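*Asks:* Sharing start_6.cif below, mmCIF, N, CA and C atoms:
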```
data_input
#
loop_
_atom_site.label_atom_id
_atom_site.label_comp_id
_atom_site.auth_asym_id
_atom_site.auth_seq_id
_atom_site.Cartn_x
_atom_site.Cartn_y
_atom_site.Cartn_z
N MET A 15 -39.61 46.74 -26.82
CA MET A 15 -38.76 45.76 -26.14
C MET A 15 -38.99 45.82 -24.63
N PHE A 16 -38.98 47.03 -24.05
CA PHE A 16 -39.29 47.24 -22.64
C PHE A 16 -39.52 48.72 -22.44
N SER A 17 -40.04 49.07 -21.29
CA SER A 17 -40.38 50.47 -21.06
C SER A 17 -39.21 51.22 -20.41
N ILE A 18 -39.15 52.49 -20.71
CA ILE A 18 -38.15 53.40 -20.17
C ILE A 18 -38.89 54.35 -19.24
N ASP A 19 -38.33 54.60 -18.07
CA ASP A 19 -38.92 55.55 -17.13
C ASP A 19 -38.32 56.92 -17.39
N LEU A 20 -39.07 57.74 -18.12
CA LEU A 20 -38.57 59.07 -18.49
C LEU A 20 -38.50 60.02 -17.30
N THR A 21 -39.14 59.67 -16.18
CA THR A 21 -39.11 60.53 -14.99
C THR A 21 -38.03 60.10 -13.99
N SER A 22 -37.35 59.01 -14.27
CA SER A 22 -36.33 58.49 -13.35
C SER A 22 -35.11 59.40 -13.32
N ARG A 23 -34.43 59.37 -12.19
CA ARG A 23 -33.18 60.12 -12.06
C ARG A 23 -32.03 59.37 -12.73
N VAL A 24 -32.26 58.10 -13.05
CA VAL A 24 -31.25 57.29 -13.73
C VAL A 24 -31.27 57.67 -15.21
N PRO A 25 -30.11 58.02 -15.77
CA PRO A 25 -30.08 58.38 -17.19
C PRO A 25 -30.67 57.28 -18.06
N ILE A 26 -31.33 57.69 -19.13
CA ILE A 26 -32.02 56.76 -20.00
C ILE A 26 -31.07 55.72 -20.58
N TYR A 27 -29.87 56.14 -21.00
CA TYR A 27 -28.94 55.17 -21.58
C TYR A 27 -28.56 54.11 -20.55
N GLU A 28 -28.45 54.50 -19.27
CA GLU A 28 -28.13 53.53 -18.21
C GLU A 28 -29.30 52.57 -17.99
N GLN A 29 -30.54 53.08 -18.08
CA GLN A 29 -31.71 52.20 -17.96
C GLN A 29 -31.70 51.15 -19.07
N ILE A 30 -31.37 51.58 -20.28
CA ILE A 30 -31.32 50.66 -21.42
C ILE A 30 -30.24 49.61 -21.19
N CYS A 31 -29.06 50.04 -20.79
CA CYS A 31 -27.96 49.11 -20.53
C CYS A 31 -28.34 48.10 -19.45
N LYS A 32 -28.92 48.60 -18.37
CA LYS A 32 -29.28 47.72 -17.25
C LYS A 32 -30.32 46.70 -17.69
N LYS A 33 -31.33 47.15 -18.40
CA LYS A 33 -32.40 46.24 -18.79
C LYS A 33 -31.92 45.18 -19.77
N ILE A 34 -31.12 45.58 -20.75
CA ILE A 34 -30.60 44.59 -21.71
C ILE A 34 -29.70 43.59 -20.99
N THR A 35 -28.87 44.08 -20.08
CA THR A 35 -28.01 43.19 -19.30
C THR A 35 -28.85 42.21 -18.48
N GLU A 36 -29.92 42.70 -17.85
CA GLU A 36 -30.82 41.82 -17.09
C GLU A 36 -31.45 40.76 -17.99
N LEU A 37 -31.87 41.17 -19.18
CA LEU A 37 -32.50 40.23 -20.11
C LEU A 37 -31.51 39.15 -20.55
N VAL A 38 -30.24 39.51 -20.64
CA VAL A 38 -29.21 38.53 -20.98
C VAL A 38 -29.00 37.58 -19.80
N LEU A 39 -28.87 38.15 -18.61
CA LEU A 39 -28.60 37.34 -17.43
C LEU A 39 -29.74 36.37 -17.10
N ASN A 40 -30.98 36.80 -17.34
CA ASN A 40 -32.10 35.89 -17.01
C ASN A 40 -32.47 34.97 -18.17
N GLY A 41 -31.72 35.05 -19.27
CA GLY A 41 -31.92 34.12 -20.38
C GLY A 41 -32.96 34.52 -21.40
N THR A 42 -33.58 35.70 -21.22
CA THR A 42 -34.56 36.17 -22.20
C THR A 42 -33.88 36.46 -23.54
N LEU A 43 -32.69 37.05 -23.47
CA LEU A 43 -31.88 37.28 -24.66
C LEU A 43 -30.70 36.32 -24.61
N SER A 44 -30.43 35.67 -25.73
CA SER A 44 -29.36 34.66 -25.80
C SER A 44 -28.29 35.07 -26.78
N GLU A 45 -27.18 34.36 -26.72
CA GLU A 45 -26.07 34.60 -27.63
C GLU A 45 -26.55 34.66 -29.07
N ASN A 46 -26.10 35.69 -29.77
CA ASN A 46 -26.38 35.94 -31.19
C ASN A 46 -27.79 36.43 -31.48
N ASP A 47 -28.63 36.65 -30.46
CA ASP A 47 -29.92 37.30 -30.71
C ASP A 47 -29.66 38.72 -31.19
N GLN A 48 -30.43 39.15 -32.17
CA GLN A 48 -30.25 40.49 -32.71
C GLN A 48 -31.10 41.49 -31.94
N LEU A 49 -30.49 42.62 -31.61
CA LEU A 49 -31.21 43.72 -30.98
C LEU A 49 -31.87 44.56 -32.07
N PRO A 50 -32.91 45.31 -31.70
CA PRO A 50 -33.50 46.23 -32.69
C PRO A 50 -32.45 47.26 -33.12
N SER A 51 -32.62 47.78 -34.32
CA SER A 51 -31.71 48.84 -34.77
C SER A 51 -31.86 50.04 -33.84
N VAL A 52 -30.86 50.89 -33.84
CA VAL A 52 -30.90 52.09 -33.00
C VAL A 52 -32.15 52.90 -33.32
N ARG A 53 -32.40 53.12 -34.61
CA ARG A 53 -33.56 53.91 -35.03
C ARG A 53 -34.87 53.28 -34.58
N SER A 54 -34.98 51.98 -34.79
CA SER A 54 -36.20 51.26 -34.42
C SER A 54 -36.42 51.30 -32.91
N PHE A 55 -35.37 51.04 -32.15
CA PHE A 55 -35.47 51.07 -30.68
C PHE A 55 -35.89 52.47 -30.22
N ALA A 56 -35.25 53.50 -30.79
CA ALA A 56 -35.56 54.88 -30.41
C ALA A 56 -37.02 55.21 -30.72
N LYS A 57 -37.47 54.83 -31.89
CA LYS A 57 -38.85 55.12 -32.28
C LYS A 57 -39.84 54.41 -31.37
N ASP A 58 -39.61 53.12 -31.10
CA ASP A 58 -40.52 52.33 -30.28
C ASP A 58 -40.56 52.79 -28.83
N SER A 59 -39.42 53.26 -28.32
CA SER A 59 -39.36 53.65 -26.91
C SER A 59 -39.55 55.15 -26.69
N GLY A 60 -39.53 55.93 -27.78
CA GLY A 60 -39.74 57.37 -27.66
C GLY A 60 -38.55 58.13 -27.11
N VAL A 61 -37.35 57.59 -27.33
CA VAL A 61 -36.15 58.29 -26.88
C VAL A 61 -35.30 58.69 -28.08
N ASN A 62 -34.35 59.55 -27.84
CA ASN A 62 -33.47 60.04 -28.89
C ASN A 62 -32.57 58.92 -29.40
N PRO A 63 -32.40 58.80 -30.72
CA PRO A 63 -31.51 57.78 -31.26
C PRO A 63 -30.08 57.86 -30.71
N ASN A 64 -29.62 59.08 -30.42
CA ASN A 64 -28.26 59.23 -29.86
C ASN A 64 -28.16 58.56 -28.49
N THR A 65 -29.24 58.58 -27.73
CA THR A 65 -29.26 57.94 -26.42
C THR A 65 -29.17 56.43 -26.56
N VAL A 66 -29.91 55.88 -27.51
CA VAL A 66 -29.87 54.44 -27.76
C VAL A 66 -28.47 54.06 -28.25
N ALA A 67 -27.91 54.87 -29.15
CA ALA A 67 -26.57 54.59 -29.67
C ALA A 67 -25.54 54.60 -28.54
N LYS A 68 -25.69 55.53 -27.61
CA LYS A 68 -24.77 55.59 -26.46
C LYS A 68 -24.89 54.32 -25.61
N ALA A 69 -26.12 53.86 -25.40
CA ALA A 69 -26.34 52.63 -24.63
C ALA A 69 -25.71 51.44 -25.35
N TYR A 70 -25.92 51.33 -26.64
CA TYR A 70 -25.35 50.22 -27.41
C TYR A 70 -23.82 50.26 -27.36
N GLN A 71 -23.25 51.46 -27.45
CA GLN A 71 -21.79 51.59 -27.37
C GLN A 71 -21.28 51.12 -26.01
N GLU A 72 -21.98 51.49 -24.96
CA GLU A 72 -21.60 51.08 -23.60
C GLU A 72 -21.72 49.56 -23.45
N LEU A 73 -22.81 48.99 -23.97
CA LEU A 73 -23.00 47.55 -23.91
C LEU A 73 -21.90 46.82 -24.68
N GLU A 74 -21.51 47.37 -25.81
CA GLU A 74 -20.43 46.75 -26.59
C GLU A 74 -19.10 46.87 -25.86
N ARG A 75 -18.84 48.02 -25.27
CA ARG A 75 -17.61 48.22 -24.50
C ARG A 75 -17.53 47.22 -23.34
N ASN A 76 -18.68 46.87 -22.77
CA ASN A 76 -18.73 45.95 -21.64
C ASN A 76 -18.85 44.48 -22.06
N GLY A 77 -18.84 44.23 -23.37
CA GLY A 77 -18.86 42.85 -23.85
C GLY A 77 -20.22 42.18 -23.81
N ILE A 78 -21.28 42.96 -23.64
CA ILE A 78 -22.63 42.40 -23.60
C ILE A 78 -23.14 42.16 -25.03
N ILE A 79 -22.79 43.06 -25.93
CA ILE A 79 -23.22 42.93 -27.32
C ILE A 79 -22.02 43.11 -28.24
N TYR A 80 -22.21 42.76 -29.48
CA TYR A 80 -21.22 43.04 -30.52
C TYR A 80 -21.96 43.57 -31.74
N SER A 81 -21.26 44.34 -32.55
CA SER A 81 -21.86 44.92 -33.75
C SER A 81 -21.22 44.34 -34.99
N VAL A 82 -22.06 44.16 -35.99
CA VAL A 82 -21.59 43.74 -37.31
C VAL A 82 -21.99 44.85 -38.28
N PRO A 83 -21.01 45.54 -38.86
CA PRO A 83 -21.34 46.64 -39.77
C PRO A 83 -22.32 46.21 -40.86
N GLY A 84 -23.37 47.01 -41.01
CA GLY A 84 -24.38 46.74 -42.03
C GLY A 84 -25.43 45.70 -41.62
N ARG A 85 -25.22 45.03 -40.49
CA ARG A 85 -26.17 44.00 -40.06
C ARG A 85 -26.84 44.34 -38.73
N GLY A 86 -26.13 45.01 -37.82
CA GLY A 86 -26.74 45.38 -36.55
C GLY A 86 -25.95 44.94 -35.34
N SER A 87 -26.65 44.94 -34.21
CA SER A 87 -26.06 44.59 -32.93
C SER A 87 -26.66 43.29 -32.42
N PHE A 88 -25.81 42.47 -31.82
CA PHE A 88 -26.18 41.13 -31.39
C PHE A 88 -25.68 40.86 -29.98
N ILE A 89 -26.31 39.93 -29.29
CA ILE A 89 -25.89 39.55 -27.96
C ILE A 89 -24.61 38.71 -28.06
N ALA A 90 -23.60 39.11 -27.29
CA ALA A 90 -22.32 38.40 -27.30
C ALA A 90 -22.37 37.19 -26.38
N LYS A 91 -21.43 36.29 -26.57
CA LYS A 91 -21.29 35.15 -25.66
C LYS A 91 -20.89 35.71 -24.30
N GLN A 92 -21.60 35.29 -23.27
CA GLN A 92 -21.38 35.87 -21.95
C GLN A 92 -20.47 34.99 -21.11
N LYS A 93 -19.63 35.66 -20.36
CA LYS A 93 -18.74 35.00 -19.42
C LYS A 93 -19.28 35.32 -18.03
N MET A 94 -20.06 34.38 -17.48
CA MET A 94 -20.73 34.62 -16.20
C MET A 94 -19.75 34.96 -15.09
N GLU A 95 -18.57 34.40 -15.14
CA GLU A 95 -17.58 34.69 -14.09
C GLU A 95 -17.22 36.17 -14.09
N GLU A 96 -17.14 36.77 -15.29
CA GLU A 96 -16.85 38.21 -15.38
C GLU A 96 -17.99 39.03 -14.78
N PHE A 97 -19.24 38.63 -15.04
CA PHE A 97 -20.38 39.32 -14.45
C PHE A 97 -20.29 39.29 -12.93
N LYS A 98 -20.00 38.10 -12.41
CA LYS A 98 -19.90 37.95 -10.95
C LYS A 98 -18.77 38.81 -10.39
N ASN A 99 -17.61 38.76 -11.03
CA ASN A 99 -16.47 39.55 -10.55
C ASN A 99 -16.75 41.04 -10.59
N ASN A 100 -17.40 41.50 -11.66
CA ASN A 100 -17.75 42.92 -11.76
C ASN A 100 -18.77 43.31 -10.69
N ALA A 101 -19.77 42.46 -10.48
CA ALA A 101 -20.78 42.76 -9.46
C ALA A 101 -20.14 42.82 -8.08
N LEU A 102 -19.24 41.89 -7.79
CA LEU A 102 -18.58 41.90 -6.48
C LEU A 102 -17.65 43.09 -6.33
N ALA A 103 -16.98 43.49 -7.41
CA ALA A 103 -16.11 44.67 -7.34
C ALA A 103 -16.94 45.92 -7.06
N ASN A 104 -18.09 46.04 -7.72
CA ASN A 104 -18.98 47.18 -7.46
C ASN A 104 -19.51 47.15 -6.04
N PHE A 105 -19.83 45.96 -5.56
CA PHE A 105 -20.30 45.81 -4.18
C PHE A 105 -19.21 46.24 -3.20
N ASP A 106 -17.99 45.82 -3.44
CA ASP A 106 -16.87 46.20 -2.57
C ASP A 106 -16.72 47.72 -2.48
N ILE A 107 -16.82 48.38 -3.62
CA ILE A 107 -16.71 49.84 -3.66
C ILE A 107 -17.84 50.48 -2.85
N ALA A 108 -19.06 49.96 -3.04
CA ALA A 108 -20.21 50.50 -2.30
C ALA A 108 -20.06 50.25 -0.80
N ALA A 109 -19.57 49.07 -0.42
CA ALA A 109 -19.39 48.76 1.01
C ALA A 109 -18.35 49.69 1.64
N VAL A 110 -17.24 49.91 0.96
CA VAL A 110 -16.21 50.81 1.49
C VAL A 110 -16.77 52.22 1.64
N SER A 111 -17.56 52.66 0.64
CA SER A 111 -18.18 53.99 0.74
C SER A 111 -19.11 54.07 1.95
N ALA A 112 -19.85 52.99 2.19
CA ALA A 112 -20.75 52.95 3.35
C ALA A 112 -19.96 53.01 4.65
N PHE A 113 -18.88 52.26 4.72
CA PHE A 113 -18.04 52.30 5.93
C PHE A 113 -17.44 53.69 6.13
N ASP A 114 -17.05 54.33 5.02
CA ASP A 114 -16.46 55.68 5.10
C ASP A 114 -17.41 56.69 5.72
N VAL A 115 -18.72 56.50 5.52
CA VAL A 115 -19.68 57.45 6.09
C VAL A 115 -20.26 56.96 7.41
N GLY A 116 -19.69 55.88 7.94
CA GLY A 116 -20.06 55.44 9.28
C GLY A 116 -21.17 54.42 9.39
N ILE A 117 -21.55 53.78 8.30
CA ILE A 117 -22.59 52.76 8.37
C ILE A 117 -21.95 51.48 8.91
N PRO A 118 -22.48 50.94 9.99
CA PRO A 118 -21.88 49.74 10.58
C PRO A 118 -22.21 48.47 9.78
N PRO A 119 -21.35 47.46 9.88
CA PRO A 119 -21.56 46.21 9.13
C PRO A 119 -22.94 45.57 9.38
N ASP A 120 -23.44 45.61 10.61
CA ASP A 120 -24.75 45.00 10.89
C ASP A 120 -25.85 45.67 10.09
N GLU A 121 -25.77 46.98 9.94
CA GLU A 121 -26.79 47.70 9.17
C GLU A 121 -26.71 47.31 7.69
N LEU A 122 -25.50 47.14 7.19
CA LEU A 122 -25.33 46.71 5.80
C LEU A 122 -25.87 45.30 5.59
N LYS A 123 -25.63 44.42 6.56
CA LYS A 123 -26.13 43.05 6.45
C LYS A 123 -27.65 43.03 6.42
N LYS A 124 -28.29 43.85 7.27
CA LYS A 124 -29.75 43.93 7.27
C LYS A 124 -30.26 44.45 5.92
N ARG A 125 -29.54 45.42 5.39
CA ARG A 125 -29.92 46.00 4.10
C ARG A 125 -29.82 44.95 2.98
N ILE A 126 -28.76 44.17 3.01
CA ILE A 126 -28.58 43.11 2.01
C ILE A 126 -29.72 42.10 2.11
N ASP A 127 -30.06 41.71 3.33
CA ASP A 127 -31.17 40.77 3.52
C ASP A 127 -32.47 41.33 2.98
N LYS A 128 -32.72 42.61 3.22
CA LYS A 128 -33.95 43.25 2.74
C LYS A 128 -33.97 43.28 1.20
N ILE A 129 -32.85 43.63 0.61
CA ILE A 129 -32.75 43.67 -0.85
C ILE A 129 -32.97 42.26 -1.41
N HIS A 130 -32.39 41.27 -0.78
CA HIS A 130 -32.55 39.89 -1.24
C HIS A 130 -34.01 39.44 -1.16
N ASP A 131 -34.66 39.78 -0.05
CA ASP A 131 -36.08 39.42 0.09
C ASP A 131 -36.92 40.07 -1.01
N ASN A 132 -36.68 41.35 -1.25
CA ASN A 132 -37.42 42.05 -2.31
C ASN A 132 -37.11 41.47 -3.68
N TYR A 133 -35.87 41.11 -3.90
CA TYR A 133 -35.46 40.52 -5.18
C TYR A 133 -36.21 39.21 -5.43
N ARG A 134 -36.28 38.37 -4.40
CA ARG A 134 -36.98 37.10 -4.52
C ARG A 134 -38.46 37.31 -4.81
N LYS A 135 -39.01 38.41 -4.32
CA LYS A 135 -40.44 38.72 -4.54
C LYS A 135 -40.65 39.43 -5.87
N GLY A 136 -39.56 39.73 -6.58
CA GLY A 136 -39.67 40.38 -7.88
C GLY A 136 -39.78 41.88 -7.81
N LYS A 137 -39.46 42.46 -6.65
CA LYS A 137 -39.56 43.91 -6.50
C LYS A 137 -38.24 44.57 -6.90
N GLN A 138 -38.36 45.78 -7.43
CA GLN A 138 -37.18 46.58 -7.77
C GLN A 138 -36.78 47.43 -6.59
N LEU A 139 -35.56 47.98 -6.63
CA LEU A 139 -35.12 48.89 -5.56
C LEU A 139 -35.97 50.13 -5.51
#
```
Show me the file's structure as structure tokens.

*Replies:*
Amino acid sequence: MFSIDLTSRVPIYEQICKKITELVLNGTLSENDQLPSVRSFAKDSGVNPNTVAKAYQELERNGIIYSVPGRGSFIAKQKMEEFKNNALANFDIAAVSAFDVGIPPDELKKRIDKIHDNYRKGKQL
């Protein structure tokens, strides 16, 4: 489905959650698309099935996917407004943390512009 960076400091289950969420947001995965089974995903990506199961549980808790017993996991209907509100809430927390350690607003604005430029070019953080 996609590659996992086994050397990353980001936990594998978080990488899985982030990537599946990105695939939903960019339209690659749509409502009611079926995800690979936990076992299949684990085998194909070379990670522990418990890690994949943890990612699927987190995605379900966040309303990204839903499970049907005996059938598997599927992409849930997405509420884009919730995605936006969650992203802005996370941004607010990060901004306050930056202010707490003395980063001035101008530096944050420059950082946002740089991130936006890289995003438009298809670069990751």

*Asks:* For a test of reading the model, state the distance in Å between atom CA of Asn76 of chain A and atom N of Ile129 of chain A, rounded to one decimal.

*Replies:*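 Calculated distance between atom CA of Asn76 of chain A and atom N of Ile129 of chain A is 26.5 Å.
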
*Asks:* Return the single residue from A:Gln92, A:Asn99, A:Thr65, A:Ser111 that is closest to Ile78 of chain A, with distances computed using only C-alpha atoms.

*Replies:*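 Counting only C-alpha atoms, the residue closest to Ile78 of chain A is A:Gln92.
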
*Asks:* Show me as a PyMOL selection string the residues that reach within 10 Å of (-20.4, 42.2, -29.7), counting only C-alpha atoms and using the file's own coordinates.

*Replies:* chain A and resi 45-46+70-71+73-82+86-91

*Asks:* Put the listed atoms of segment 117-130 of chain A in a box along x, y and z with 6 Å added on every side and give me the centre and edge lengths in Å to one decimal, as JSON.

*Replies:*
```
{"center_x": -27.7, "center_y": 46.6, "center_z": 4.7, "size_x": 24.7, "size_y": 26.3, "size_z": 24.3}
```

*Asks:* Within 9 Å of segment 20-28 of chain A, counting only C-alpha atoms, which residues show up once you throw out same-chain ones fewer than 4 positions away? Write them as an MDAnalysis selection string, please.

*Replies:* chainID A and resid 32:33 61 65:70 72

*Asks:* From a DSSP pass on the backbone, collect the residues of segment 45-103 of chain A flagged as strand (DSSP E or B) and hand them back as a PyMOL selection string.

*Replies:* chain A and resi 48+79-82+86-89

*Asks:* For Ile18 of chain A, find every residue with an atom within 8 Å (counting all atoms listed in the file), except residues of its own chain fewer than 5 positions away, and show them as a list in words.

*Replies:*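 In the requested format, the answer is Ile26, Gln29, Ile30, Ser59 and Gly60 of chain A.
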
*Asks:* Go ahead and write the residues just picked, N, CA and C atoms, as a PDB file, in the coordinates of the input.

*Replies:*
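So out-v6.pdb came out as:
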```pdb
ATOM      1  N   ILE A  26     -31.330  57.690 -19.130  1.00  0.00           N
ATOM      2  CA  ILE A  26     -32.020  56.760 -20.000  1.00  0.00           C
ATOM      3  C   ILE A  26     -31.070  55.720 -20.580  1.00  0.00           C
ATOM      4  N   GLN A  29     -30.540  53.080 -18.080  1.00  0.00           N
ATOM      5  CA  GLN A  29     -31.710  52.200 -17.960  1.00  0.00           C
ATOM      6  C   GLN A  29     -31.700  51.150 -19.070  1.00  0.00           C
ATOM      7  N   ILE A  30     -31.370  51.580 -20.280  1.00  0.00           N
ATOM      8  CA  ILE A  30     -31.320  50.660 -21.420  1.00  0.00           C
ATOM      9  C   ILE A  30     -30.240  49.610 -21.190  1.00  0.00           C
ATOM     10  N   SER A  59     -39.420  53.260 -28.320  1.00  0.00           N
ATOM     11  CA  SER A  59     -39.360  53.650 -26.910  1.00  0.00           C
ATOM     12  C   SER A  59     -39.550  55.150 -26.690  1.00  0.00           C
ATOM     13  N   GLY A  60     -39.530  55.930 -27.780  1.00  0.00           N
ATOM     14  CA  GLY A  60     -39.740  57.370 -27.660  1.00  0.00           C
ATOM     15  C   GLY A  60     -38.550  58.130 -27.110  1.00  0.00           C
TER      16      GLY A  60
END
```

*Asks:* Report the residues of chain A whose backbone DSSP state falls under alpha helix (DSSP H), written as a VMD selection string.

*Replies:* chain A and resid 26 to 39 52 to 59 63 to 75 94 to 114 119 to 134

*Asks:* Can you measure atom CA of Gly41 of chain A to atom N of Phe97 of chain A for me? One decimal in Å is fine.

*Replies:*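 Atom-to-atom, atom CA of Gly41 of chain A to atom N of Phe97 of chain A, that is 14.5 Å.
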
*Asks:* Grab the atom C of Glu121 of chain A to atom C of Ala108 of chain A distance for me, in Å with one decimal place.

*Replies:*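 Calculated distance between atom C of Glu121 of chain A and atom C of Ala108 of chain A is 11.2 Å.
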